[in-house]
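Shown here: run.tsv, TSV, C-alpha atoms and all ligand atoms.
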chain	number	residue	atom	x	y	z
A	1	MET	CA	74.68	88.09	36.45
A	2	SER	CA	77.74	86.54	34.80
A	3	GLY	CA	79.17	83.70	36.86
A	4	VAL	CA	76.03	83.45	38.99
A	5	LYS	CA	74.09	80.23	38.52
A	6	HIS	CA	70.40	80.78	37.82
A	7	ALA	CA	67.57	79.18	35.83
A	8	GLY	CA	69.00	80.57	32.59
A	9	THR	CA	72.42	78.98	33.09
A	10	LEU	CA	71.42	75.45	34.14
A	11	GLU	CA	73.03	72.63	32.22
A	12	LEU	CA	70.77	71.09	29.58
A	13	ARG	CA	71.88	67.48	29.64
A	14	GLY	CA	68.52	65.69	29.53
A	15	GLU	CA	68.52	65.37	25.71
A	16	ARG	CA	64.77	66.00	25.68
A	17	LEU	CA	62.96	69.20	26.61
A	18	CYS	CA	60.68	67.57	29.20
A	19	LEU	CA	63.69	65.99	30.96
A	20	ASP	CA	65.66	69.24	30.98
A	21	PHE	CA	62.61	70.89	32.48
A	22	ALA	CA	62.37	68.17	35.16
A	23	ASN	CA	66.01	69.04	35.93
A	24	THR	CA	65.24	72.62	36.94
A	25	VAL	CA	65.59	71.36	40.51
A	26	GLY	CA	68.99	70.49	41.94
A	27	TRP	CA	69.26	67.37	44.14
A	28	HIS	CA	65.77	66.37	43.08
A	29	ALA	CA	65.97	62.92	44.71
A	30	SER	CA	67.29	64.25	48.03
A	31	ASP	CA	65.58	65.73	51.07
A	32	HIS	CA	67.11	69.13	50.29
A	33	PRO	CA	66.11	69.89	46.68
A	34	GLN	CA	67.23	73.20	45.23
A	35	GLU	CA	64.52	75.08	43.38
A	36	TRP	CA	65.65	77.10	40.36
A	37	LEU	CA	62.23	78.35	39.25
A	38	LEU	CA	61.46	80.93	41.90
A	39	SER	CA	59.51	83.34	39.72
A	40	TYR	CA	57.80	83.66	36.35
A	41	THR	CA	60.92	85.53	35.19
A	42	ASP	CA	62.99	82.43	36.04
A	43	LEU	CA	60.61	80.35	33.93
A	44	LEU	CA	61.12	82.74	31.00
A	45	ASN	CA	64.91	82.80	31.51
A	46	TRP	CA	65.01	79.02	31.40
A	47	SER	CA	62.66	78.88	28.38
A	48	LEU	CA	64.90	81.28	26.46
A	49	HIS	CA	67.97	79.26	27.50
A	50	ALA	CA	66.26	76.01	26.39
A	51	GLY	CA	65.28	77.56	23.06
A	52	ILE	CA	61.50	77.38	23.38
A	53	ILE	CA	60.98	81.14	23.25
A	54	THR	CA	62.85	83.81	21.29
A	55	GLU	CA	64.64	86.84	22.71
A	56	GLN	CA	61.92	89.08	21.30
A	57	GLN	CA	59.18	86.90	22.77
A	58	ASN	CA	60.95	86.92	26.13
A	59	GLU	CA	60.93	90.73	26.22
A	60	GLN	CA	57.28	90.90	25.22
A	61	LEU	CA	56.22	88.28	27.79
A	62	LEU	CA	58.24	90.02	30.51
A	63	GLN	CA	56.49	93.27	29.73
A	64	ASP	CA	53.03	91.63	29.68
A	65	ALA	CA	53.83	89.75	32.89
A	66	ARG	CA	54.48	92.99	34.79
A	67	GLU	CA	50.89	94.03	34.07
A	68	GLN	CA	49.36	90.70	35.18
A	69	PRO	CA	51.25	89.48	38.25
A	70	SER	CA	48.37	87.36	39.56
A	71	LEU	CA	48.19	85.47	36.25
A	72	THR	CA	51.91	84.76	36.19
A	73	GLU	CA	51.83	83.39	39.74
A	74	GLY	CA	49.23	80.84	38.61
A	75	ILE	CA	51.34	79.92	35.57
A	76	LEU	CA	54.42	79.38	37.74
A	77	THR	CA	52.39	77.07	39.99
A	78	ARG	CA	51.14	75.13	36.94
A	79	ALA	CA	54.72	74.92	35.63
A	80	ILE	CA	56.01	73.49	38.89
A	81	ASN	CA	53.12	71.03	39.18
A	82	LEU	CA	53.79	69.86	35.63
A	83	ARG	CA	57.52	69.60	36.30
A	84	GLU	CA	57.07	67.54	39.46
A	85	ALA	CA	54.57	65.27	37.69
A	86	LEU	CA	57.07	64.78	34.82
A	87	TYR	CA	59.85	64.03	37.29
A	88	ARG	CA	57.81	61.46	39.19
A	89	ILE	CA	56.42	59.83	36.03
A	90	PHE	CA	59.83	59.28	34.43
A	91	SER	CA	61.55	58.45	37.70
A	92	TYR	CA	58.93	55.77	38.43
A	93	VAL	CA	59.28	54.35	34.92
A	94	VAL	CA	63.09	54.21	35.29
A	95	GLN	CA	62.65	52.25	38.52
A	96	GLY	CA	60.20	49.84	36.85
A	97	HIS	CA	57.14	51.17	38.66
A	98	ALA	CA	53.83	52.33	37.20
A	99	PRO	CA	53.49	56.12	37.39
A	100	LYS	CA	50.76	57.48	39.65
A	101	SER	CA	47.46	58.16	37.91
A	102	GLU	CA	47.29	61.67	39.39
A	103	ASP	CA	50.65	62.53	37.78
A	104	LEU	CA	49.52	61.15	34.43
A	105	ALA	CA	46.37	63.24	34.79
A	106	ILE	CA	48.45	66.42	35.32
A	107	LEU	CA	50.46	65.66	32.16
A	108	GLN	CA	47.33	64.78	30.22
A	109	GLU	CA	45.60	68.01	31.22
A	110	ALA	CA	48.67	70.09	30.30
A	111	TYR	CA	48.94	68.25	26.97
A	112	ILE	CA	45.27	68.78	26.10
A	113	GLU	CA	45.67	72.48	26.95
A	114	ALA	CA	48.77	72.63	24.72
A	115	ILE	CA	47.09	70.92	21.78
A	116	SER	CA	44.06	73.22	22.04
A	117	HIS	CA	46.41	76.10	21.19
A	118	ALA	CA	48.43	74.32	18.51
A	119	HIS	CA	48.36	74.61	14.74
A	120	ILE	CA	49.57	71.84	12.46
A	121	VAL	CA	52.21	73.29	10.14
A	122	PRO	CA	54.54	71.81	7.51
A	123	LYS	CA	58.08	71.07	8.64
A	124	ASP	CA	60.75	69.63	6.33
A	125	ASP	CA	59.02	66.72	4.57
A	126	SER	CA	56.44	66.27	7.29
A	127	PHE	CA	54.23	68.23	9.69
A	128	THR	CA	54.51	69.38	13.27
A	129	PHE	CA	52.62	71.30	15.93
A	130	SER	CA	53.35	75.00	16.23
A	131	TRP	CA	52.30	77.58	18.77
A	132	GLN	CA	53.96	80.58	17.13
A	133	HIS	CA	50.65	82.14	16.07
A	134	ASN	CA	49.93	82.47	19.80
A	135	GLU	CA	53.36	83.61	20.94
A	136	HIS	CA	52.10	86.30	23.32
A	137	ALA	CA	50.25	83.90	25.63
A	138	LEU	CA	51.85	83.98	29.07
A	139	ASP	CA	51.69	80.19	29.41
A	140	PHE	CA	53.30	79.64	26.00
A	141	PRO	CA	56.42	77.90	27.48
A	142	LEU	CA	54.30	75.18	29.12
A	143	TRP	CA	52.82	73.95	25.85
A	144	SER	CA	55.95	72.60	24.21
A	145	ILE	CA	57.10	71.13	27.54
A	146	ALA	CA	53.83	69.22	27.98
A	147	HIS	CA	53.99	68.12	24.34
A	148	SER	CA	57.55	66.87	24.83
A	149	GLY	CA	56.53	64.92	27.96
A	150	ARG	CA	53.68	63.19	26.18
A	151	GLU	CA	55.85	62.43	23.11
A	152	LEU	CA	58.61	60.83	25.18
A	153	LEU	CA	56.23	58.83	27.34
A	154	LEU	CA	54.62	57.26	24.28
A	155	SER	CA	57.86	56.78	22.38
A	156	PRO	CA	60.18	53.72	22.17
A	157	GLU	CA	62.87	56.09	23.50
A	158	LEU	CA	61.23	55.73	26.91
A	159	ARG	CA	63.39	52.69	27.65
A	160	ARG	CA	66.49	54.87	27.23
A	161	VAL	CA	65.46	57.30	29.98
A	162	LYS	CA	67.73	57.09	33.03
A	163	GLU	CA	68.06	58.80	36.37
A	164	CYS	CA	71.53	59.80	37.57
A	165	PRO	CA	72.56	57.46	40.43
A	166	GLY	CA	74.59	60.22	42.13
A	167	ASP	CA	73.57	60.57	45.79
A	168	GLY	CA	70.26	62.48	45.79
A	169	CYS	CA	70.99	63.94	42.33
A	170	GLY	CA	67.81	62.82	40.60
A	171	TRP	CA	68.63	64.33	37.20
A	172	LEU	CA	66.87	62.60	34.34
A	173	PHE	CA	68.32	62.09	30.89
A	174	LEU	CA	67.89	60.16	27.69
A	175	ASP	CA	70.86	57.88	27.14
A	176	LYS	CA	71.74	58.43	23.49
A	177	SER	CA	74.99	56.47	23.58
A	178	ARG	CA	75.08	53.57	21.12
A	179	ASN	CA	75.72	50.91	23.78
A	180	GLN	CA	73.53	52.66	26.38
A	181	SER	CA	76.49	53.18	28.68
A	182	ARG	CA	75.79	56.68	29.93
A	183	ARG	CA	75.42	56.53	33.72
A	184	TRP	CA	75.70	60.05	35.05
A	185	CYS	CA	74.04	63.41	34.52
A	186	ASN	CA	77.60	64.67	34.24
A	187	GLY	CA	80.62	62.40	34.63
A	188	GLN	CA	82.74	65.36	35.76
A	189	ASP	CA	80.34	66.06	38.54
A	190	CYS	CA	78.27	63.18	40.00
A	191	GLY	CA	80.52	60.53	38.38
A	192	ASN	CA	83.65	62.01	39.95
A	193	ARG	CA	82.03	62.50	43.34
A	194	VAL	CA	81.04	58.83	43.50
A	195	ARG	CA	84.45	57.64	42.23
A	196	VAL	CA	86.22	59.74	44.90
A	197	ARG	CA	83.94	58.34	47.63
A	198	GLN	CA	84.43	54.75	46.45
A	199	HIS	CA	88.20	55.31	46.38
A	200	TYR	CA	88.08	56.71	49.93
A	201	GLN	CA	85.93	53.78	51.14
A	202	ARG	CA	88.36	51.27	49.60
A	203	ARG	CA	91.27	53.01	51.33
A	204	VAL	CA	89.44	53.00	54.69
A	205	ALA	CA	88.59	49.29	54.23
A	206	ALA	CA	92.20	48.49	53.29
A	207	THR	CA	93.52	50.41	56.33
A	208	SER	CA	91.16	48.64	58.73
A	209	GLN	CA	92.19	45.24	57.27
A	210	THR	CA	95.84	46.18	57.89
A	211	ASP	CA	94.90	47.17	61.45
A	212	ASP	CA	93.25	43.75	61.95
A	213	ILE	CA	96.43	42.00	60.86
A	214	LEU	CA	98.56	44.10	63.20
B	301	ZN	ZN	73.94	63.48	38.83
Could you render the structure as structure tokens?
Ligand SMILES: [Zn+2]
Amino acid sequence: MSGVKHAGTLELRGERLCLDFANTVGWHASDHPQEWLLSYTDLLNWSLHAGIITEQQNEQLLQDAREQPSLTEGILTRAINLREALYRIFSYVVQGHAPKSEDLAILQEAYIEAISHAHIVPKDDSFTFSWQHNEHALDFPLWSIAHSGRELLLSPELRRVKECPGDGCGWLFLDKSRNQSRRWCNGQDCGNRVRVRQHYQRRVAATSQTDDIL
């Protein structure tokens, strides 16, 4: 698989789990989105890549999944519904619109489901939710994603969420720069593409002005 792009090699540039998960679609804001979660195995690959499941857990879940294909199909559908709701919610907020109530309901339902499986455990000097006691549940990856979505939506960090302005890109990220100057999902990629196009447009405009003079 080396060199081949797949769910487990996607760039994680969202700075928050829920945003990275929303970015498991390429060209999300275009009319030709590219889906990277085509199977439950893709969901596990991405979850391992994003650090929400361990290697050992991945192997166990893969093995369990083979015995319950109908269950994993349902979980993939739930994952994609949650992801699209997260994308729309944050994208609407970025644009200054109120998210749709049906999308908030999807997130709320996923969050309540997540919390119903969580244990409160000590972490550093504080406490956190943990799902490790239930690590063999097939929908384990969805819980921390839903939790992350709810946390970000209710956090002051919400105002730092941005959507890449690259044509049709639609990648979401949290701008962690001190002066909030991050514009692109990836300056090498979308940033460059737009700069090249603007340069080309300026050259075309300059040439046509010269033509007018002549
Ligand atoms: Zn972009």
> Given the choices A:Leu86, A:Leu104, A:Ala65, A:Ile53, which gets closest to Asn134 of chain A if the distance is worked out from all atoms listed in the file?
Replying inline: A:Ile53
With 5 Å added on each side, what axis-aligned box encloses every listed atom of segment 146-165 of chain A? Give the centre and edge lengths in Å to one decimal, as lines of an AutoDock Vina configuration file.
center_x = 63.1
center_y = 61.0
center_z = 31.3
size_x = 28.9
size_y = 26.5
size_z = 28.3
>> Just want the residues within 12 Å of ligand ZN 301 (chain B), written as an MDAnalysis selection string, counting only C-alpha atoms and all ligand atoms.
In response: chainID A and resid 11 13:14 23 25:30 162:173 182:194
>> Could you list, as a ChimeraX atom specification, every residue within 10 Å of Glu102 of chain A, counting all atoms listed in the file and ignoring same-chain residues fewer than 6 positions away?
In response: /A:85,89,108
>> I'd like the interatomic distance between atom CA of Leu153 of chain A and atom CA of Gly74 of chain A, to a tenth of an Å.
In response: 25.7 Å
Please, could N, CA, C and O atoms be added to segment 15-38 of chain A and the result written as a PDB file, in the frame of the given file?
ATOM      1  N   GLU A  15      68.692  65.805  27.105  1.00  0.00           N
ATOM      2  CA  GLU A  15      68.520  65.370  25.710  1.00  0.00           C
ATOM      3  C   GLU A  15      67.082  65.443  25.219  1.00  0.00           C
ATOM      4  O   GLU A  15      66.819  65.176  24.057  1.00  0.00           O
ATOM      5  N   ARG A  16      66.151  65.741  26.083  1.00  0.00           N
ATOM      6  CA  ARG A  16      64.770  66.000  25.680  1.00  0.00           C
ATOM      7  C   ARG A  16      64.266  67.162  26.546  1.00  0.00           C
ATOM      8  O   ARG A  16      64.584  67.252  27.741  1.00  0.00           O
ATOM      9  N   LEU A  17      63.427  67.999  25.919  1.00  0.00           N
ATOM     10  CA  LEU A  17      62.960  69.200  26.610  1.00  0.00           C
ATOM     11  C   LEU A  17      62.292  68.890  27.956  1.00  0.00           C
ATOM     12  O   LEU A  17      62.573  69.530  28.967  1.00  0.00           O
ATOM     13  N   CYS A  18      61.414  67.865  27.963  1.00  0.00           N
ATOM     14  CA  CYS A  18      60.680  67.570  29.200  1.00  0.00           C
ATOM     15  C   CYS A  18      61.633  67.126  30.321  1.00  0.00           C
ATOM     16  O   CYS A  18      61.392  67.414  31.499  1.00  0.00           O
ATOM     17  N   LEU A  19      62.739  66.445  29.946  1.00  0.00           N
ATOM     18  CA  LEU A  19      63.690  65.990  30.960  1.00  0.00           C
ATOM     19  C   LEU A  19      64.532  67.163  31.460  1.00  0.00           C
ATOM     20  O   LEU A  19      64.796  67.295  32.665  1.00  0.00           O
ATOM     21  N   ASP A  20      64.927  68.040  30.543  1.00  0.00           N
ATOM     22  CA  ASP A  20      65.660  69.240  30.980  1.00  0.00           C
ATOM     23  C   ASP A  20      64.789  70.073  31.917  1.00  0.00           C
ATOM     24  O   ASP A  20      65.277  70.650  32.884  1.00  0.00           O
ATOM     25  N   PHE A  21      63.501  70.106  31.612  1.00  0.00           N
ATOM     26  CA  PHE A  21      62.610  70.890  32.480  1.00  0.00           C
ATOM     27  C   PHE A  21      62.495  70.220  33.858  1.00  0.00           C
ATOM     28  O   PHE A  21      62.521  70.902  34.889  1.00  0.00           O
ATOM     29  N   ALA A  22      62.413  68.887  33.865  1.00  0.00           N
ATOM     30  CA  ALA A  22      62.370  68.170  35.160  1.00  0.00           C
ATOM     31  C   ALA A  22      63.634  68.463  35.975  1.00  0.00           C
ATOM     32  O   ALA A  22      63.620  68.428  37.206  1.00  0.00           O
ATOM     33  N   ASN A  23      64.727  68.784  35.261  1.00  0.00           N
ATOM     34  CA  ASN A  23      66.010  69.040  35.930  1.00  0.00           C
ATOM     35  C   ASN A  23      66.196  70.495  36.358  1.00  0.00           C
ATOM     36  O   ASN A  23      67.319  70.919  36.612  1.00  0.00           O
ATOM     37  N   THR A  24      65.102  71.245  36.436  1.00  0.00           N
ATOM     38  CA  THR A  24      65.240  72.620  36.940  1.00  0.00           C
ATOM     39  C   THR A  24      65.177  72.637  38.474  1.00  0.00           C
ATOM     40  O   THR A  24      64.908  73.669  39.085  1.00  0.00           O
ATOM     41  N   VAL A  25      65.415  71.480  39.062  1.00  0.00           N
ATOM     42  CA  VAL A  25      65.590  71.360  40.510  1.00  0.00           C
ATOM     43  C   VAL A  25      66.924  70.648  40.726  1.00  0.00           C
ATOM     44  O   VAL A  25      67.186  69.635  40.083  1.00  0.00           O
ATOM     45  N   GLY A  26      67.760  71.189  41.595  1.00  0.00           N
ATOM     46  CA  GLY A  26      68.990  70.490  41.940  1.00  0.00           C
ATOM     47  C   GLY A  26      68.703  69.487  43.048  1.00  0.00           C
ATOM     48  O   GLY A  26      67.820  69.706  43.864  1.00  0.00           O
ATOM     49  N   TRP A  27      69.406  68.389  43.082  1.00  0.00           N
ATOM     50  CA  TRP A  27      69.260  67.370  44.140  1.00  0.00           C
ATOM     51  C   TRP A  27      67.799  66.953  44.283  1.00  0.00           C
ATOM     52  O   TRP A  27      67.268  66.892  45.376  1.00  0.00           O
ATOM     53  N   HIS A  28      67.213  66.652  43.119  1.00  0.00           N
ATOM     54  CA  HIS A  28      65.770  66.370  43.080  1.00  0.00           C
ATOM     55  C   HIS A  28      65.395  65.156  43.923  1.00  0.00           C
ATOM     56  O   HIS A  28      64.297  65.066  44.459  1.00  0.00           O
ATOM     57  N   ALA A  29      66.298  64.167  43.999  1.00  0.00           N
ATOM     58  CA  ALA A  29      65.970  62.920  44.710  1.00  0.00           C
ATOM     59  C   ALA A  29      66.397  62.977  46.180  1.00  0.00           C
ATOM     60  O   ALA A  29      66.346  61.963  46.876  1.00  0.00           O
ATOM     61  N   SER A  30      66.820  64.154  46.645  1.00  0.00           N
ATOM     62  CA  SER A  30      67.290  64.250  48.030  1.00  0.00           C
ATOM     63  C   SER A  30      66.226  64.914  48.909  1.00  0.00           C
ATOM     64  O   SER A  30      65.175  65.309  48.420  1.00  0.00           O
ATOM     65  N   ASP A  31      66.527  65.035  50.206  1.00  0.00           N
ATOM     66  CA  ASP A  31      65.580  65.730  51.070  1.00  0.00           C
ATOM     67  C   ASP A  31      65.902  67.226  51.169  1.00  0.00           C
ATOM     68  O   ASP A  31      65.342  67.940  51.988  1.00  0.00           O
ATOM     69  N   HIS A  32      66.828  67.697  50.318  1.00  0.00           N
ATOM     70  CA  HIS A  32      67.110  69.130  50.290  1.00  0.00           C
ATOM     71  C   HIS A  32      67.202  69.627  48.836  1.00  0.00           C
ATOM     72  O   HIS A  32      68.233  70.132  48.403  1.00  0.00           O
ATOM     73  N   PRO A  33      66.091  69.463  48.077  1.00  0.00           N
ATOM     74  CA  PRO A  33      66.110  69.890  46.680  1.00  0.00           C
ATOM     75  C   PRO A  33      66.328  71.398  46.545  1.00  0.00           C
ATOM     76  O   PRO A  33      65.924  72.164  47.427  1.00  0.00           O
ATOM     77  N   GLN A  34      67.004  71.776  45.461  1.00  0.00           N
ATOM     78  CA  GLN A  34      67.230  73.200  45.230  1.00  0.00           C
ATOM     79  C   GLN A  34      66.372  73.678  44.067  1.00  0.00           C
ATOM     80  O   GLN A  34      66.548  73.249  42.927  1.00  0.00           O
ATOM     81  N   GLU A  35      65.456  74.559  44.379  1.00  0.00           N
ATOM     82  CA  GLU A  35      64.520  75.080  43.380  1.00  0.00           C
ATOM     83  C   GLU A  35      65.172  76.185  42.562  1.00  0.00           C
ATOM     84  O   GLU A  35      65.731  77.121  43.116  1.00  0.00           O
ATOM     85  N   TRP A  36      65.098  76.050  41.222  1.00  0.00           N
ATOM     86  CA  TRP A  36      65.650  77.100  40.360  1.00  0.00           C
ATOM     87  C   TRP A  36      64.570  77.967  39.723  1.00  0.00           C
ATOM     88  O   TRP A  36      64.876  78.990  39.126  1.00  0.00           O
ATOM     89  N   LEU A  37      63.316  77.538  39.818  1.00  0.00           N
ATOM     90  CA  LEU A  37      62.230  78.350  39.250  1.00  0.00           C
ATOM     91  C   LEU A  37      61.502  79.063  40.384  1.00  0.00           C
ATOM     92  O   LEU A  37      60.519  78.566  40.931  1.00  0.00           O
ATOM     93  N   LEU A  38      62.030  80.215  40.757  1.00  0.00           N
ATOM     94  CA  LEU A  38      61.460  80.930  41.900  1.00  0.00           C
ATOM     95  C   LEU A  38      60.483  82.015  41.472  1.00  0.00           C
ATOM     96  O   LEU A  38      59.810  82.607  42.304  1.00  0.00           O
TER      97      LEU A  38
END
